[in-house]
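Raw structure.txt, compact mmCIF, C-alpha atoms:
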# COMPACT_ATOMS: atom_id res chain seq x y z
CA MET A 1 21.26 18.67 -11.20
CA ILE A 2 18.05 17.82 -13.05
CA PRO A 3 18.43 17.59 -16.84
CA ASP A 4 16.56 20.05 -19.02
CA ALA A 5 13.22 18.90 -20.46
CA SER A 6 14.87 18.55 -23.88
CA ASN A 7 17.31 15.94 -22.59
CA PRO A 8 16.60 12.59 -24.33
CA CYS A 9 16.65 10.73 -21.01
CA TRP A 10 13.04 11.80 -20.28
CA GLN A 11 11.65 10.54 -23.57
CA ARG A 12 13.73 7.38 -23.23
CA VAL A 13 12.36 6.47 -19.81
CA LEU A 14 8.74 7.18 -20.75
CA MET A 15 8.82 5.49 -24.17
CA THR A 16 10.42 2.20 -23.10
CA GLU A 17 9.56 -0.53 -20.62
CA LYS A 18 12.99 -0.58 -19.00
CA GLU A 19 13.06 -1.69 -15.36
CA LEU A 20 14.44 0.83 -12.89
CA ALA A 21 16.16 -1.52 -10.47
CA GLY A 22 17.62 0.55 -7.65
CA ALA A 23 15.12 3.39 -8.00
CA VAL A 24 12.95 4.28 -5.02
CA LEU A 25 9.43 2.86 -5.01
CA ALA A 26 7.81 6.26 -5.69
CA THR A 27 9.83 6.70 -8.90
CA LYS A 28 8.93 3.21 -10.15
CA LEU A 29 5.21 3.71 -9.56
CA LEU A 30 5.09 7.22 -10.99
CA VAL A 31 7.10 6.31 -14.11
CA THR A 32 4.79 3.35 -14.71
CA ARG A 33 1.70 5.54 -14.55
CA LEU A 34 3.25 8.14 -16.87
CA ARG A 35 4.34 5.45 -19.36
CA ARG A 36 0.79 4.13 -19.47
CA GLU A 37 -0.62 7.60 -20.03
CA VAL A 38 1.86 8.34 -22.83
CA LYS A 39 1.00 5.03 -24.47
CA GLN A 40 -2.70 5.91 -24.39
CA ARG A 41 -2.11 9.48 -25.60
CA PRO A 42 1.31 10.05 -27.26
CA ALA A 43 0.56 13.76 -27.66
CA ALA A 44 0.76 14.07 -23.86
CA LEU A 45 4.48 13.21 -23.82
CA ASN A 46 5.71 16.74 -23.12
CA SER A 47 3.28 17.32 -20.27
CA LYS A 48 4.25 13.95 -18.74
CA ILE A 49 7.94 14.87 -19.00
CA ALA A 50 7.12 18.11 -17.20
CA GLU A 51 5.29 16.16 -14.48
CA LEU A 52 8.23 13.80 -14.01
CA ARG A 53 10.73 16.69 -13.87
CA ALA A 54 8.55 18.47 -11.31
CA TYR A 55 8.60 15.33 -9.14
CA PHE A 56 12.40 15.33 -9.09
CA GLU A 57 12.54 19.09 -8.45
CA LYS A 58 10.47 18.55 -5.32
CA ASN A 59 12.12 15.33 -4.16
CA SER A 60 15.87 15.46 -3.73
CA PHE A 61 15.86 11.92 -2.28
CA ALA A 62 14.86 10.57 -5.70
CA VAL A 63 17.20 12.58 -7.96
CA LYS A 64 19.76 9.77 -8.05
CA ASP A 65 17.17 7.71 -9.97
CA ILE A 66 17.60 9.92 -13.07
CA ALA A 67 20.95 8.22 -13.69
CA LEU A 68 18.96 5.04 -14.42
CA PHE A 69 16.98 6.63 -17.27
CA MET B 1 9.37 3.93 15.84
CA LYS B 2 8.28 1.43 18.45
CA ASN B 3 5.76 -1.38 18.01
CA ALA B 4 3.88 -3.27 20.67
CA MET B 5 0.77 -5.32 21.17
CA MET B 6 -0.74 -3.91 24.35
CA SER B 7 -3.85 -3.73 26.45
CA VAL B 8 -6.35 -0.92 26.06
CA ALA B 9 -5.20 0.44 29.44
CA GLU B 10 -1.60 0.57 28.26
CA ALA B 11 -2.61 2.26 25.01
CA ARG B 12 -4.66 4.79 26.97
CA ALA B 13 -1.57 5.63 29.04
CA ARG B 14 0.50 6.27 25.90
CA ILE B 15 -2.23 8.51 24.46
CA GLU B 16 -2.50 10.47 27.69
CA ALA B 17 1.27 10.89 27.69
CA GLY B 18 0.90 12.74 24.37
CA ALA B 19 2.51 10.10 22.15
CA VAL B 20 1.88 10.12 18.38
CA LEU B 21 0.33 6.74 17.66
CA VAL B 22 -1.10 4.55 14.90
CA ILE B 23 -3.38 1.93 16.44
CA ALA B 24 -5.02 -1.20 15.05
CA GLY B 25 -7.65 -3.11 16.98
CA SER B 26 -11.24 -4.19 17.20
CA GLU B 27 -14.00 -1.57 17.04
CA GLU B 28 -14.77 -2.20 20.70
CA ALA B 29 -11.16 -1.71 21.78
CA LEU B 30 -10.58 1.42 19.69
CA SER B 31 -13.89 2.93 20.81
CA SER B 32 -12.74 2.86 24.42
CA LEU B 33 -9.59 4.96 23.85
CA PRO B 34 -9.42 8.62 24.87
CA LYS B 35 -8.81 11.59 22.58
CA GLY B 36 -5.23 12.29 21.60
CA ARG B 37 -2.68 12.37 18.81
CA TRP B 38 -3.61 9.10 17.20
CA ILE B 39 -5.50 7.49 14.36
CA GLY B 40 -6.83 3.96 14.34
CA GLY B 41 -8.26 1.32 12.10
CA THR B 42 -10.19 -1.85 12.78
CA SER B 43 -8.34 -5.14 12.55
CA VAL B 44 -8.37 -8.25 14.70
CA TYR B 45 -5.62 -10.15 12.89
CA PHE B 46 -2.04 -9.42 13.82
CA VAL B 47 1.47 -10.55 13.07
CA THR B 48 3.32 -10.31 16.37
CA GLU B 49 6.74 -11.24 17.69
CA THR B 50 5.26 -14.43 19.09
CA GLY B 51 3.38 -15.34 15.92
CA GLY B 52 0.18 -14.58 14.07
CA ARG B 53 -2.84 -14.15 16.29
CA THR B 54 -6.48 -13.12 16.32
CA ASP B 55 -7.21 -10.67 19.11
CA ARG B 56 -10.35 -8.60 19.78
CA GLU B 57 -9.24 -7.28 23.18
CA ASN B 58 -5.73 -5.90 22.77
CA VAL B 59 -4.49 -3.32 20.29
CA PHE B 60 -1.38 -3.07 18.12
CA VAL B 61 0.32 0.26 18.68
CA THR B 62 3.08 1.94 16.67
CA GLU B 63 4.55 4.96 18.39
CA ILE B 64 6.28 7.52 16.18
CA GLU B 65 8.73 8.83 18.73
CA ALA B 66 10.53 11.10 16.26
CA ALA B 67 7.38 13.03 15.37
CA GLU B 68 7.75 16.76 16.05
CA ASP B 69 4.08 17.27 15.37
CA ALA B 70 1.14 15.31 13.93
CA ARG B 71 -2.19 16.23 12.38
CA PRO B 72 -5.06 13.74 11.94
CA VAL B 73 -7.35 14.68 9.01
CA LEU B 74 -10.30 12.81 7.51
CA TYR B 75 -10.75 13.21 3.75
CA ARG B 76 -13.90 11.94 2.05
CA GLY B 77 -16.10 12.51 -0.95
CA GLU B 78 -14.89 15.34 -3.13
CA ASP B 79 -12.10 16.08 -0.65
CA LEU B 80 -10.38 12.73 -1.20
CA PRO B 81 -7.99 13.96 -3.95
CA SER B 82 -6.83 16.63 -1.48
CA LEU B 83 -5.37 14.06 0.89
CA THR B 84 -1.86 15.14 -0.04
CA MET B 85 -2.63 18.63 1.25
CA GLY B 86 -2.01 19.34 4.89
CA ARG B 87 1.34 17.61 4.87
CA TYR B 88 4.33 19.03 6.66
CA ASP B 89 7.30 20.12 4.54
CA ASN B 90 9.37 17.25 5.90
CA GLY B 91 7.31 14.30 6.94
CA LEU B 92 5.26 11.29 6.04
CA SER B 93 1.58 10.46 6.05
CA ILE B 94 -0.15 7.39 7.40
CA ILE B 95 -3.45 6.52 5.69
CA LEU B 96 -6.24 4.20 6.85
CA ILE B 97 -9.37 3.51 4.75
CA PRO B 98 -12.28 1.20 5.63
CA ALA B 99 -12.65 -1.80 3.34
CA PHE B 100 -15.67 -1.81 1.02
CA SER B 101 -16.18 1.97 1.44
CA LYS B 102 -16.54 4.53 -1.33
CA ALA B 103 -13.16 5.97 -0.35
CA HIS B 104 -11.59 2.51 -0.75
CA GLU B 105 -12.79 2.24 -4.33
CA ALA B 106 -12.02 5.85 -5.24
CA PHE B 107 -8.51 5.76 -3.82
CA ALA B 108 -7.75 2.43 -5.46
CA ILE B 109 -8.83 3.57 -8.91
CA ARG B 110 -7.81 7.23 -8.98
CA GLY B 111 -5.30 7.61 -6.14
CA ALA B 112 -2.18 7.45 -8.31
CA GLU B 113 -3.44 10.56 -10.11
CA PHE B 114 -3.96 12.65 -6.97
CA PRO B 115 -1.74 15.73 -7.08
CA GLY B 116 1.66 15.26 -5.48
CA LEU B 117 0.89 11.72 -4.37
CA PHE B 118 4.47 10.53 -4.88
CA ASP B 119 6.12 13.58 -3.32
CA GLN B 120 6.15 12.25 0.22
CA PRO B 121 5.85 8.76 1.73
CA LEU B 122 2.22 7.64 2.03
CA MET B 123 1.86 4.37 3.91
CA GLY B 124 -1.10 2.61 5.45
CA TRP B 125 -3.74 -0.02 5.05
CA ILE B 126 -7.34 -0.93 4.39
CA THR B 127 -9.09 -1.59 7.67
CA GLY B 128 -11.01 -4.82 8.16
CA ILE B 129 -13.10 -6.95 10.45
CA HIS B 130 -13.19 -10.51 11.72
CA LEU B 131 -14.03 -12.72 8.76
CA ASP B 132 -16.88 -14.27 10.80
CA ASP B 133 -18.46 -10.79 10.95
CA LEU B 134 -18.55 -10.19 7.18
CA GLY B 135 -21.95 -8.77 6.30
CA ASP B 136 -22.81 -7.95 9.92
CA VAL B 137 -20.45 -5.10 10.75
CA THR B 138 -18.39 -2.66 8.70
CA PRO B 139 -14.69 -1.82 8.98
CA LYS B 140 -13.96 1.54 10.62
CA VAL B 141 -11.33 4.25 10.97
CA PHE B 142 -10.88 6.43 14.05
CA ASP B 143 -9.93 10.09 14.38
CA GLY B 144 -8.26 10.10 17.78
CA ALA B 145 -8.04 13.89 17.91
CA LYS B 146 -11.80 14.36 17.59
CA GLY B 147 -12.89 11.10 19.18
CA GLU B 148 -14.80 10.12 16.06
CA MET B 149 -15.37 6.82 14.27
CA HIS B 150 -16.10 6.62 10.52
CA GLU B 151 -17.06 3.86 8.09
CA ASP B 152 -16.10 5.89 5.02
CA GLY B 153 -13.27 8.26 4.18
CA ALA B 154 -9.50 8.22 4.28
CA MET B 155 -8.11 8.89 7.75
CA LEU B 156 -4.72 10.51 7.45
CA LEU B 157 -2.11 11.21 10.08
CA HIS B 158 0.28 13.79 8.69
CA VAL B 159 3.51 13.53 10.67
CA LYS B 160 6.20 16.19 10.92
CA LEU B 161 9.72 14.80 11.08
CA PRO B 162 12.81 16.55 12.44
CA ALA B 163 15.11 18.25 9.92
CA GLY B 164 17.68 15.72 8.77
CA GLU B 165 15.37 12.74 9.22
CA VAL B 166 13.40 11.14 6.39
CA ALA B 167 11.03 8.24 5.91
CA ASP B 168 11.89 5.37 3.57
CA LEU B 169 8.86 3.52 2.24
CA ASP B 170 9.22 0.14 0.58
CA ILE B 171 7.43 -3.13 -0.02
CA LEU B 172 8.23 -6.82 0.26
CA ASN B 173 6.33 -8.98 -2.17
CA LEU B 174 7.12 -12.69 -2.19
CA PHE B 175 5.13 -13.25 -5.36
CA GLU B 176 6.88 -13.18 -8.74
CA PRO B 177 5.08 -13.32 -12.07
CA ASP B 178 5.30 -16.69 -13.78
CA MET B 179 6.72 -15.43 -17.08
CA SER B 180 6.01 -18.78 -18.74
CA ALA B 181 2.31 -18.31 -17.98
CA ASP B 182 -0.18 -16.49 -20.21
CA GLU B 183 -0.02 -12.73 -20.71
CA ILE B 184 -3.22 -11.12 -19.42
CA THR B 185 -4.54 -7.59 -20.02
CA PHE B 186 -7.85 -5.90 -19.27
CA GLY B 187 -9.93 -3.46 -21.27
CA GLU B 188 -11.03 -1.44 -18.26
CA THR B 189 -9.65 -0.42 -14.87
CA GLY B 190 -11.75 -1.86 -12.07
CA PHE B 191 -12.35 -4.29 -9.21
CA GLY B 192 -14.01 -6.77 -11.53
CA ALA B 193 -13.71 -8.24 -15.01
CA LYS B 194 -16.03 -10.34 -17.14
CA THR B 195 -13.51 -10.66 -19.93
CA ALA B 196 -9.77 -10.36 -20.39
CA MET B 197 -7.31 -10.50 -23.25
CA VAL B 198 -5.19 -13.62 -22.83
CA ASN B 199 -2.21 -13.68 -25.18
CA GLY B 200 -4.10 -11.15 -27.29
CA GLN B 201 -7.34 -13.13 -27.48
CA GLU B 202 -10.50 -12.11 -25.66
CA VAL B 203 -11.81 -14.73 -23.23
CA ASP B 204 -14.47 -15.12 -20.56
CA PHE B 205 -12.09 -14.63 -17.66
CA ALA B 206 -13.94 -16.71 -15.06
CA ALA B 207 -14.25 -19.62 -17.51
CA TYR B 208 -10.56 -19.26 -18.39
CA LEU B 209 -9.47 -19.48 -14.74
CA VAL B 210 -11.64 -22.56 -14.17
CA GLU B 211 -10.57 -24.33 -17.37
CA LYS B 212 -6.90 -23.69 -16.66
CA GLY B 213 -7.23 -24.79 -13.03
CA ILE B 214 -5.56 -21.57 -11.87
CA ASP B 215 -4.78 -21.44 -8.14
CA THR B 216 -6.45 -18.13 -7.29
CA ARG B 217 -4.61 -17.94 -3.98
CA CYS B 218 -1.76 -16.70 -6.18
CA PRO B 219 -2.40 -13.12 -7.36
CA LEU B 220 -2.08 -11.49 -10.72
CA VAL B 221 1.26 -9.64 -10.83
CA ALA B 222 2.26 -6.63 -12.92
CA ASN B 223 5.76 -5.24 -13.25
CA PHE B 224 5.83 -1.53 -12.34
CA ALA B 225 9.32 -0.65 -13.63
CA GLY B 226 10.82 -3.28 -11.35
CA ALA B 227 8.29 -3.16 -8.49
CA MET B 228 6.01 -6.19 -8.52
CA VAL B 229 2.41 -5.15 -7.84
CA ASN B 230 -0.24 -7.76 -7.03
CA VAL B 231 -3.96 -7.88 -7.61
CA SER B 232 -5.60 -10.64 -5.55
CA PHE B 233 -8.61 -12.67 -6.55
CA GLN B 234 -11.72 -12.20 -4.42
CA ALA B 235 -14.22 -14.43 -6.24
CA VAL B 236 -14.63 -16.31 -9.49
CA ASP B 237 -18.26 -16.54 -10.55
CA PRO B 238 -19.24 -17.95 -13.95
CA ALA B 239 -22.21 -15.57 -14.15
CA ALA B 240 -20.97 -12.42 -12.41
CA GLY B 241 -17.35 -12.62 -13.53
CA VAL B 242 -14.14 -12.26 -11.57
CA SER B 243 -13.76 -9.82 -8.68
CA PHE B 244 -10.52 -8.57 -7.17
CA TYR B 245 -9.32 -6.98 -3.92
CA ALA B 246 -7.62 -4.18 -5.87
CA PRO B 247 -8.32 -2.88 -9.35
CA VAL B 248 -6.74 -4.33 -12.43
CA ILE B 249 -5.46 -1.46 -14.54
CA GLU B 250 -6.20 -0.96 -18.20
CA GLY B 251 -3.03 -1.16 -20.23
CA MET B 252 -0.97 -3.09 -17.65
CA THR B 253 0.24 -6.59 -18.45
CA TYR B 254 -0.38 -9.25 -15.80
CA HIS B 255 0.80 -12.79 -15.21
CA ILE B 256 -0.39 -15.26 -12.63
CA ALA B 257 2.18 -15.48 -9.83
CA SER B 258 4.18 -18.57 -9.16
CA THR B 259 3.74 -19.98 -5.64
CA PRO B 260 6.25 -18.58 -3.16
CA GLY B 261 6.63 -21.82 -1.20
CA ASP B 262 6.16 -21.81 2.56
CA TYR B 263 5.16 -18.20 3.17
CA ALA B 264 6.26 -17.90 6.80
CA SER B 265 9.79 -19.21 6.28
CA GLU B 266 10.25 -17.40 2.94
CA PHE B 267 9.10 -14.17 4.50
CA ALA B 268 11.40 -14.50 7.50
CA ALA B 269 14.33 -15.21 5.16
CA ARG B 270 13.70 -12.27 2.83
CA ALA B 271 12.57 -9.54 5.23
CA GLN B 272 15.81 -7.64 5.73
CA GLY B 273 16.37 -4.99 8.38
CA ASP B 274 15.22 -4.33 11.91
CA GLY B 275 11.48 -4.65 11.57
CA THR B 276 10.95 -3.93 15.23
CA ARG B 277 11.73 -0.25 14.49
CA GLU B 278 9.49 0.04 11.43
CA LEU B 279 5.80 0.65 10.86
CA SER B 280 4.55 -2.24 8.77
CA CYS B 281 1.50 -4.24 7.82
CA ASN B 282 0.87 -7.41 5.89
CA CYS B 283 -2.07 -8.80 4.01
CA ILE B 284 -4.87 -10.85 5.52
CA LEU B 285 -4.58 -13.18 2.52
CA ASN B 286 -0.93 -13.88 3.31
CA TYR B 287 -2.06 -14.48 6.90
CA ILE B 288 -4.72 -16.98 5.79
CA TYR B 289 -3.11 -18.67 2.79
CA GLY B 290 0.31 -18.68 4.51
CA GLU B 291 -1.35 -20.14 7.63
CA LEU B 292 0.45 -17.59 9.80
CA GLU B 293 -1.72 -18.13 12.90
CA SER B 294 0.80 -18.98 15.64
CA LYS B 295 3.73 -18.91 13.17
CA THR B 296 6.53 -16.38 13.61
CA THR B 297 7.83 -14.45 10.61
CA GLY B 298 10.70 -12.42 12.05
CA GLY B 299 10.88 -8.87 13.36
CA PHE B 300 8.23 -7.25 11.17
CA THR B 301 5.01 -7.01 13.10
CA GLY B 302 1.69 -5.25 12.62
CA PRO B 303 -1.90 -5.78 11.57
CA ALA B 304 -2.91 -8.25 8.84
CA THR B 305 -5.03 -6.01 6.66
CA PHE B 306 -7.64 -6.01 3.91
CA GLY B 307 -5.25 -4.18 1.58
CA GLU B 308 -1.93 -2.42 1.95
CA ILE B 309 -1.02 1.07 0.83
CA ALA B 310 2.38 2.20 -0.37
CA TYR B 311 1.34 5.29 -2.35
CA MET B 312 -1.25 3.05 -4.05
CA LEU B 313 -3.39 0.11 -3.04
CA LEU B 314 -1.57 -3.22 -3.00
CA ASN B 315 -2.54 -6.82 -2.22
CA GLN B 316 -0.67 -9.73 -0.62
CA THR B 317 2.28 -7.48 0.09
CA MET B 318 4.13 -6.33 3.19
CA VAL B 319 4.52 -2.54 3.36
CA ARG B 320 7.17 -1.01 5.58
CA VAL B 321 8.30 2.46 6.49
CA ASN B 322 11.50 3.27 8.30
CA LEU B 323 12.88 6.55 9.63
CA ARG B 324 16.53 7.34 9.13
CA ALA B 325 19.03 10.16 8.72
CA ALA B 326 18.56 12.00 5.41
CA GLU B 327 22.17 11.50 4.29
CA ALA B 328 21.96 7.75 4.87
CA ALA B 329 18.76 7.60 2.85
CA GLN B 330 20.31 9.39 -0.11
CA VAL B 331 23.18 6.94 -0.47
CA ALA B 332 21.06 3.83 0.14
Structure re-expressed in structure tokens:
Amino acid sequence: MIPDASNPCWQRVLMTEKELAGAVLATKLLVTRLRREVKQRPAALNSKIAELRAYFEKNSFAVKDIALF
Amino acid sequence: MKNAMMSVAEARARIEAGAVLVIAGSEEALSSLPKGRWIGGTSVYFVTETGGRTDRENVFVTEIEAAEDARPVLYRGEDLPSLTMGRYDNGLSIILIPAFSKAHEAFAIRGAEFPGLFDQPLMGWITGIHLDDLGDVTPKVFDGAKGEMHEDGAMLLHVKLPAGEVADLDILNLFEPDMSADEITFGETGFGAKTAMVNGQEVDFAAYLVEKGIDTRCPLVANFAGAMVNVSFQAVDPAAGVSFYAPVIEGMTYHIASTPGDYASEFAARAQGDGTRELSCNCILNYIYGELESKTTGGFTGPATFGEIAYMLLNQTMVRVNLRAAEAAQVA
């Protein structure tokens, strides 16, 4: 089950520098890129949350990583 | 998957048997192979079961036995961001790009923004040449299906996997950032830098490296949410600045890596799993700086490359991909 876009976990993971030990490599690299983009343009936060959610919707193998957010 | 260093004649037999193959070898060796379901990239440095070796005659072959189908596609120029298209619903993609090509630079700088890049394992390497041939010949990629050789473009092999089987892609990086060392950031993304911000102060980066006596065999390392990503030094020139084998990224924080000790023994100790069943590659810089010629490093074998790809371009890192049952992958 993928949390709704309003769930605070999305903002939390993109607005902090927390390490995601145990996450798959794809999640770590994507989250890092999205964090950088949000830092450069805070107004893009919602679109970056949508991009991250879309990644999990397409990739069931990575869904367990959401528990780390 | 099955790995073997073999003669051109043996590789030809596997191609003619219809096997799905990823092949590394010299331009001469790869040019003599027949059409088939394979892609290839130039390399003459290899990590083998019997140790590191330089070999212009034989080829390193990885056979993807589980492949239900495979589609080689070359992407270049404006098509490069489309390299994630043409995938199978359940599969993985192998990518080979010639070093120093336009595709190399474009993928390194913009690849992470290509649509759907992280949706399926993308593993491969930057193809190279013998270091004695630098400036005389160019690295190449081969489209085995069409019998073509290219010095620019990303050569992809999209592989269809059986239902219930998935590919796990991971990296092994022996370098850790020295957190007691200076914090380094860059104002622009790119393969070179004249200046850098060191602990918040702008410096001439080449002069800084010289004054500090930095061992540039150790890469810059950035922490990508727990994945350590290296950028290796190519040259330090007081006039031209500092050049790298992968781009430094604006906004990322880097530290110089601490030395990993004896590379061969450290690698053998930390490389977990049955590498003989995985597709892997390691960096030419680890091969040279780690003095791997004739040294064994365990079960992980493959070409020593001019850059490694695990979704994005990496340096001084071993990249590995393993096939396993989907359920096992989800609980790993």
- Task: Pick out the closest residue to chain B from this set: A:Leu14, A:Leu30, A:Ile2, A:Ile66. Count only C-alpha atoms.
- Result: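 Of the candidates, the smallest distance to chain B is held by A:Leu30.
Note that the spacing between CA of Ile249 in chain B and CA of Pro115 in chain B amounts to 19.1 Å.
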- May I ask which of the residues B:Leu30, B:Ala227, B:Ala257, B:Leu313 is the closest one to chain A, counting all atoms listed in the file?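 Result for the nearest residue to chain A: B:Ala227.
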For a quick test of understanding: name the residues of chain A lying within 6 Å of chain B when counting all atoms listed in the file, and present them as a CSV table (one decimal) with C-alpha atoms, in the frame of the given file.
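Generated file (part.csv):
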chain,number,residue,atom,x,y,z
A,19,GLU,CA,13.1,-1.7,-15.4
A,20,LEU,CA,14.4,0.8,-12.9
A,21,ALA,CA,16.2,-1.5,-10.5
A,26,ALA,CA,7.8,6.3,-5.7
A,28,LYS,CA,8.9,3.2,-10.2
A,29,LEU,CA,5.2,3.7,-9.6
A,32,THR,CA,4.8,3.4,-14.7
A,61,PHE,CA,15.9,11.9,-2.3
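Proximity of A:Lys64, A:Phe69, A:Lys48, A:Arg41 to Val24 in chain A, computed with all atoms listed in the file, is greatest for A:Lys64.
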Using all atoms listed in the file, which residues sit within 9 Å of range 200-217 of chain B once same-chain residues fewer than 5 positions away are excluded, as an mmCIF file with C-alpha atoms, in the coordinates of the input?
data_model
loop_
_atom_site.group_PDB
_atom_site.id
_atom_site.type_symbol
_atom_site.label_atom_id
_atom_site.label_comp_id
_atom_site.auth_asym_id
_atom_site.auth_seq_id
_atom_site.Cartn_x
_atom_site.Cartn_y
_atom_site.Cartn_z
ATOM 1 C CA GLU B 183 -0.020 -12.730 -20.710
ATOM 2 C CA ILE B 184 -3.220 -11.120 -19.420
ATOM 3 C CA THR B 185 -4.540 -7.590 -20.020
ATOM 4 C CA ALA B 193 -13.710 -8.240 -15.010
ATOM 5 C CA LYS B 194 -16.030 -10.340 -17.140
ATOM 6 C CA THR B 195 -13.510 -10.660 -19.930
ATOM 7 C CA SER B 232 -5.600 -10.640 -5.550
ATOM 8 C CA PHE B 233 -8.610 -12.670 -6.550
ATOM 9 C CA GLN B 234 -11.720 -12.200 -4.420
ATOM 10 C CA ALA B 235 -14.220 -14.430 -6.240
ATOM 11 C CA VAL B 236 -14.630 -16.310 -9.490
ATOM 12 C CA ASP B 237 -18.260 -16.540 -10.550
ATOM 13 C CA PRO B 238 -19.240 -17.950 -13.950
ATOM 14 C CA ALA B 239 -22.210 -15.570 -14.150
ATOM 15 C CA ALA B 240 -20.970 -12.420 -12.410
ATOM 16 C CA GLY B 241 -17.350 -12.620 -13.530
ATOM 17 C CA VAL B 242 -14.140 -12.260 -11.570
ATOM 18 C CA ILE B 256 -0.390 -15.260 -12.630
ATOM 19 C CA THR B 259 3.740 -19.980 -5.640
ATOM 20 C CA LEU B 285 -4.580 -13.180 2.520
ATOM 21 C CA TYR B 289 -3.110 -18.670 2.790
#
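The spacing separating CA of Leu21 in chain B from CA of Ala246 in chain B amounts to 27.1 Å.
Across B:Thr62, B:Thr138, B:Ser93, B:Gln316, the tightest approach to Leu174 in chain B is made by B:Gln316 when counting only C-alpha atoms.
Within the 10 Å cut-off around Asn173 in chain B, using only C-alpha atoms and omitting residues fewer than 4 positions from it on the same chain, the listed residues are Ala227, Met228, Val229, Asn230, Pro260, Phe267, Arg270, Ala271, Asn282, Leu314, Asn315, Gln316, Thr317, Met318 and Val319 of chain B.
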- Query: Taking only C-alpha atoms into account, which of B:Ala4, B:Leu220, B:Ile309, B:Leu74 comes nearest Val248 in chain B?
  - Reply: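 Of the candidates, the smallest distance to Val248 in chain B is held by B:Leu220.
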- Item | Point-to-point distance in Å for CA of Ser82 in chain B and CA of Glu151 in chain B | 19.0 Å
- Determine the nearest neighbour of Phe100 in chain B from the options B:Gly124, B:Gly147, B:Pro72, B:Gly307, counting only C-alpha atoms.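 Checking each of B:Gly124, B:Gly147, B:Pro72, B:Gly307 against Phe100 in chain B, counting only C-alpha atoms, the winner is B:Gly307.
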- Query: Got a sec: who's within 7 Å of Ile109 in chain B, counting all atoms listed in the file, leaving out chain neighbours fewer than 4 positions off, as a ChimeraX atom specification?
  - Reply: /B:105,190,247
- Message: Using all atoms listed in the file, which protein or nucleic acid residues come within 9 Å of Lys102 in chain B? Drop anything in the same chain fewer than 6 positions from it, and give the result as a list in words.
- Response: Arg76, Gly77, Asp152 and Gly153 of chain B
Quick one: axis-aligned box around all listed atoms of range 28-45 of chain A, 4 Å on every side, centre and edge lengths in Å to one decimal, written as lines of an AutoDock Vina configuration file.
center_x = 3.1
center_y = 8.6
center_z = -18.6
size_x = 19.6
size_y = 18.9
size_z = 26.1
- Message: Within 12 Å of (-6.1, 10.9, 11.4) (file coordinates; all atoms listed in the file), which protein or nucleic acid residues are there? I'd like them as a PyMOL selection string.
- Response: chain B and resi 20-23+35-41+70-75+83+86-87+93-97+124+141-150+153-159
For those residues, write C-alpha atoms to a file as a short mmCIF file (atom, residue, chain, number, x, y, z; two decimals), in the coordinates of the input.
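Dumped to part-v4.cif:
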data_model
loop_
_atom_site.label_atom_id
_atom_site.label_comp_id
_atom_site.auth_asym_id
_atom_site.auth_seq_id
_atom_site.Cartn_x
_atom_site.Cartn_y
_atom_site.Cartn_z
CA VAL B 20 1.88 10.12 18.38
CA LEU B 21 0.33 6.74 17.66
CA VAL B 22 -1.10 4.55 14.90
CA ILE B 23 -3.38 1.93 16.44
CA LYS B 35 -8.81 11.59 22.58
CA GLY B 36 -5.23 12.29 21.60
CA ARG B 37 -2.68 12.37 18.81
CA TRP B 38 -3.61 9.10 17.20
CA ILE B 39 -5.50 7.49 14.36
CA GLY B 40 -6.83 3.96 14.34
CA GLY B 41 -8.26 1.32 12.10
CA ALA B 70 1.14 15.31 13.93
CA ARG B 71 -2.19 16.23 12.38
CA PRO B 72 -5.06 13.74 11.94
CA VAL B 73 -7.35 14.68 9.01
CA LEU B 74 -10.30 12.81 7.51
CA TYR B 75 -10.75 13.21 3.75
CA LEU B 83 -5.37 14.06 0.89
CA GLY B 86 -2.01 19.34 4.89
CA ARG B 87 1.34 17.61 4.87
CA SER B 93 1.58 10.46 6.05
CA ILE B 94 -0.15 7.39 7.40
CA ILE B 95 -3.45 6.52 5.69
CA LEU B 96 -6.24 4.20 6.85
CA ILE B 97 -9.37 3.51 4.75
CA GLY B 124 -1.10 2.61 5.45
CA VAL B 141 -11.33 4.25 10.97
CA PHE B 142 -10.88 6.43 14.05
CA ASP B 143 -9.93 10.09 14.38
CA GLY B 144 -8.26 10.10 17.78
CA ALA B 145 -8.04 13.89 17.91
CA LYS B 146 -11.80 14.36 17.59
CA GLY B 147 -12.89 11.10 19.18
CA GLU B 148 -14.80 10.12 16.06
CA MET B 149 -15.37 6.82 14.27
CA HIS B 150 -16.10 6.62 10.52
CA GLY B 153 -13.27 8.26 4.18
CA ALA B 154 -9.50 8.22 4.28
CA MET B 155 -8.11 8.89 7.75
CA LEU B 156 -4.72 10.51 7.45
CA LEU B 157 -2.11 11.21 10.08
CA HIS B 158 0.28 13.79 8.69
CA VAL B 159 3.51 13.53 10.67
#
